[in-house]
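What follows is a short report on a single structure.
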Amino acid sequence: MSTPFFISWRYQRGKQKNRLVSLISLFSSIGIALGVAVLIIGLSAMNGFERELNQRVLSVVPHAELRSYANSEENVIQQGEKLEQIVKNNENVTALSPFVTFTALIENGSQLKIAQVRGIDADKQEKVSKLNQFVPSEQWQNFKQEGGLILGAGIARDLEIEVGDEVTLLIPQPTEDGKLAQPLRFGIDVTGILRLDGQLDHSYALLSLEKAQELLGLEKEQYSGLELAVKKPFEVRQIQLPELTNYPQQLYLQTWVDKFGYMYNDIQLIRTVMYIAMVLVIGVACFNIISTLVMAVKDKQGDIAIQRTLGANNSFIKRIFLWYGLISGMKGALFGVILGGLISLNLTSIIKGIENLVGAKLLSDGVYFIDFLPSEIHWLDIVWVLLATVILSLVASLYPAIRASKLEPAKVLSGH
């Protein structure tokens with residue numbers, strides 16, 4: 001152990017002549033600890049949101065959708081199977097699945113709920129997304145074998161529907177003059193419940209592809225579009241499909257970034273703002289170290305004078321008080337890491353307990369893409385927080401350390 005560190009450690013542990021030094025030192029450590037804890041909790045929450053976005057949204061929402069332009073005939077892809085064969089050969093595409101989509105009202109007794117109904121091929125759907133993992137396996141198998149309707153959990157709850165119940169689909173029928181005719185009414189059994197614990201639960205319903213085509217009067221090769229799974233979802237905007245240059249129908253590619261990219265941008269922005277704000281809070285707490293050290297220098301000026309007469313140079317005295325400030329900062333930082341880590345590991349259950357206590361939800365699944373506060377600790381975040389605290393503690397310690405090194409032992413020992 002270096003001598004300056006050993007001396008500063010003894011100063012930290014020993015009793016101060018002035019009790020105020022110990023009090024200010026305690027408050028600065030508490031301020032640093034709280035700032036570090038809040039920063040770790042906030043960063044862990046942002047990590048949790050990013051994880052849930054990956055696992056729940058990106059695993060269900062298609063990486064990209066290939067659709068026909070609105071001015072194409074009936075806004076429908078005409079030669080679906082031919083298009084599948086062409087797109088399948090693209091090196092960036094790992095899987096694809098045709099779909100038919102339409103908006104419908106779901107009726108149960110006197111209750112109505114609007115939903116985006118999607119006709120899918122269950123076997124192909126399993127290859128492009130993890131949608132089936134959010135439906136109980138028995139219900140998914142029944143859907144594959146018998147068809148029927150899979151409803152989002154939010155819709156099912158609002159309409160008081162359970163698996164096995166029959167509901168009525170009301171599908172709008174446009175007329176040639178642009179007005180709406182009597183809607184098509186179709187009774188169908190609910191074979192499954194889709195539960196994502198988020199926004200999609202309130203807007204999603206699934207049908208078999210064949211049944212959706214039948215309801216819309218489409219032929220077997222007519223689709224609303226193709227879902228694509230790609231190798232690099234975060235680079236989906238760079239994907240090129242040169243194979244479609246001479247395709248007889250005008251098509252466009254809609255990516256997940258167009259629909260949900262704002263969520264990633266929001267998370268990154270909040271993470272950055274939070275880091276800056278909380279580092280400033282930690283900085284304010286660290287600068288309390290200046291007050292502590294200035295008073296500690298005054299308290300220990302006799303010791304400094306004796307050390308100078310024994311041969312200690314300016315650098316030696318500086319290092320003593322730099323270590324003193326650094327130890328004060330690191331004590332607060334370590335307590336903050338422990339506190340922040342413990343809360344972050346149990347953040348979801350803590351928030352659920354508070355929600356149960358107050359009887360209100362912090363995040364509504366009808367508004368946000370999840371209905372709970374997730375958390376995930378990244379150890380690199382803790383390293384960055386500790387590094388920021390060390391730097392701020394050192395910066396705060398510089399002035400008092402320089403002041404201590406300039407004390408003149410003759411004046412101190414003579415009492416002037």
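Following the order of the structure tokens, first chain is A, next is B, and so on, with residues numbered from 1 inside each chain and ligands from 1 in the order they appear.
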Find the residues near Val76 (chain A): any atom within 12 Å, counting only C-alpha atoms, skip ones fewer than 3 places away on the same chain, and give them as number ranges by chain. A: 66-73, 79-80, 98-102, 213, 216-226, 249-251
Would you please work out which residue, of A:Asn346, A:Gln116, A:Thr191, A:Asn90, is nearest to Pro242 (chain A) when using only C-alpha atoms?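 Selected residue with least distance to Pro242 (chain A): A:Asn90.
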Between A:Trp384, A:Trp140, A:Trp379, A:Phe134, which residue has the minimum interatomic distance to Ser44 (chain A), considering only C-alpha atoms?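 Answer, going by the shortest atom-to-atom distance: A:Trp379.
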With a distance cut-off of 10 Å and only C-alpha atoms, select the neighbouring residues of Ser291 (chain A), excluding the residue or stretch itself and same-chain residues fewer than 3 positions from it, and output the selection as JSON, numbers by chain. {"A": [21, 24, 25, 28, 286, 287, 288, 294, 295, 296, 297, 396, 397, 400]}
Restrict the selected residues to C-alpha atoms and save them as a PDB file, in the first residue's frame.
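Output file selection.pdb is given in full below:
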```pdb
ATOM      1  CA  VAL A  21     -15.946  17.527   8.446  1.00  0.00           C
ATOM      2  CA  ILE A  24     -20.247  16.958   5.292  1.00  0.00           C
ATOM      3  CA  SER A  25     -18.257  13.898   4.165  1.00  0.00           C
ATOM      4  CA  SER A  28     -21.485  13.918   0.056  1.00  0.00           C
ATOM      5  CA  CYS A 286     -18.929  14.960  -5.735  1.00  0.00           C
ATOM      6  CA  PHE A 287     -18.255  18.678  -5.447  1.00  0.00           C
ATOM      7  CA  ASN A 288     -19.335  18.452  -1.829  1.00  0.00           C
ATOM      8  CA  VAL A 294     -10.970  22.098   2.424  1.00  0.00           C
ATOM      9  CA  MET A 295     -12.114  21.531   6.022  1.00  0.00           C
ATOM     10  CA  ALA A 296     -10.034  18.354   6.291  1.00  0.00           C
ATOM     11  CA  VAL A 297      -6.934  20.290   5.150  1.00  0.00           C
ATOM     12  CA  ALA A 396     -13.286  17.773  -7.120  1.00  0.00           C
ATOM     13  CA  SER A 397     -10.209  16.810  -5.089  1.00  0.00           C
ATOM     14  CA  PRO A 400      -8.033  21.204  -1.978  1.00  0.00           C
TER      15      PRO A 400
END
```
Determine the nearest neighbour of Val257 (chain A) from the options A:Pro172, A:Gly340, A:Pro62, A:Gly31, counting only C-alpha atoms.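 Between A:Pro172, A:Gly340, A:Pro62, A:Gly31, the residue approaching Val257 (chain A) most closely is A:Pro62.
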What parts of region 85-183 of chain A does DSSP call helix (DSSP H, G or I)? I'd like the answer as a VMD selection string. chain A and resid 85 to 88 122 to 128 131 to 134 137 to 146 153 to 159
Out of A:Val284, A:Met274, A:Leu334, A:Leu373, which residue has the shortest atom-to-atom distance to Thr348 (chain A) when counting only C-alpha atoms?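 Selected residue with least distance to Thr348 (chain A): A:Leu373.
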Between A:Asp158, A:Glu107, A:Glu227, A:Glu210, which residue has the minimum interatomic distance to Val60 (chain A), considering only C-alpha atoms? A:Glu227
What is the distance, in Å and to one decimal place, between CA of Leu347 (chain A) and CA of Met263 (chain A)? 21.2 Å
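Using only C-alpha atoms, the smallest distance between any of A:Gly283, A:Ser405, A:Ser129, A:Tyr399 and Ala305 (chain A) comes from A:Ser405.
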Backbone-only DSSP, strand (DSSP E or B) members of region 75-227 of chain A, as a count of residues only: 64
Would you mind listing what lies within 7 Å of Lys231 (chain A) as a VMD selection string, with only C-alpha atoms counted and same-chain residues fewer than 3 positions away left out? chain A and resid 92 to 94
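As for CA of Gln141 (chain A) and CA of Gln199 (chain A), they are spaced 24.6 Å apart.
Between CA of Ala95 (chain A) and CA of Val230 (chain A) lies a distance of 7.2 Å.
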Residues within 12 Å of Pro4 (chain A), please, as a VMD selection string. Count only C-alpha atoms; anything in the same chain fewer than 6 positions from it doesn't count. chain A and resid 10 to 11 304 307 312 to 324 401
Keeping C-alpha atoms, export the residues of the selection given above as a PDB file, in the first residue's frame.
```
ATOM      1  CA  ARG A  10      -6.136   6.610   8.293  1.00  0.00           C
ATOM      2  CA  TYR A  11      -7.537  10.143   7.966  1.00  0.00           C
ATOM      3  CA  ILE A 304       0.807  18.311   6.987  1.00  0.00           C
ATOM      4  CA  GLN A 307       5.177  15.698   7.247  1.00  0.00           C
ATOM      5  CA  ALA A 312       7.415  15.174   2.270  1.00  0.00           C
ATOM      6  CA  ASN A 313       7.297  17.116  -1.022  1.00  0.00           C
ATOM      7  CA  ASN A 314       4.353  18.823  -2.735  1.00  0.00           C
ATOM      8  CA  SER A 315       3.497  15.741  -4.810  1.00  0.00           C
ATOM      9  CA  PHE A 316       3.336  13.560  -1.686  1.00  0.00           C
ATOM     10  CA  ILE A 317       0.904  15.941   0.082  1.00  0.00           C
ATOM     11  CA  LYS A 318      -1.228  16.262  -3.088  1.00  0.00           C
ATOM     12  CA  ARG A 319      -1.530  12.482  -3.408  1.00  0.00           C
ATOM     13  CA  ILE A 320      -2.714  12.162   0.214  1.00  0.00           C
ATOM     14  CA  PHE A 321      -5.692  14.445  -0.393  1.00  0.00           C
ATOM     15  CA  LEU A 322      -6.392  13.172  -3.911  1.00  0.00           C
ATOM     16  CA  TRP A 323      -6.695   9.696  -2.363  1.00  0.00           C
ATOM     17  CA  TYR A 324      -8.824  11.174   0.426  1.00  0.00           C
ATOM     18  CA  ALA A 401      -5.042  18.912  -2.702  1.00  0.00           C
TER      19      ALA A 401
END
```
Set the distance at 8 Å and use only C-alpha atoms: which residues neighbour region 354-364 of chain A once local chain neighbours fewer than 5 positions away are removed? I'd like the list as number ranges by chain. A: 198, 370-373
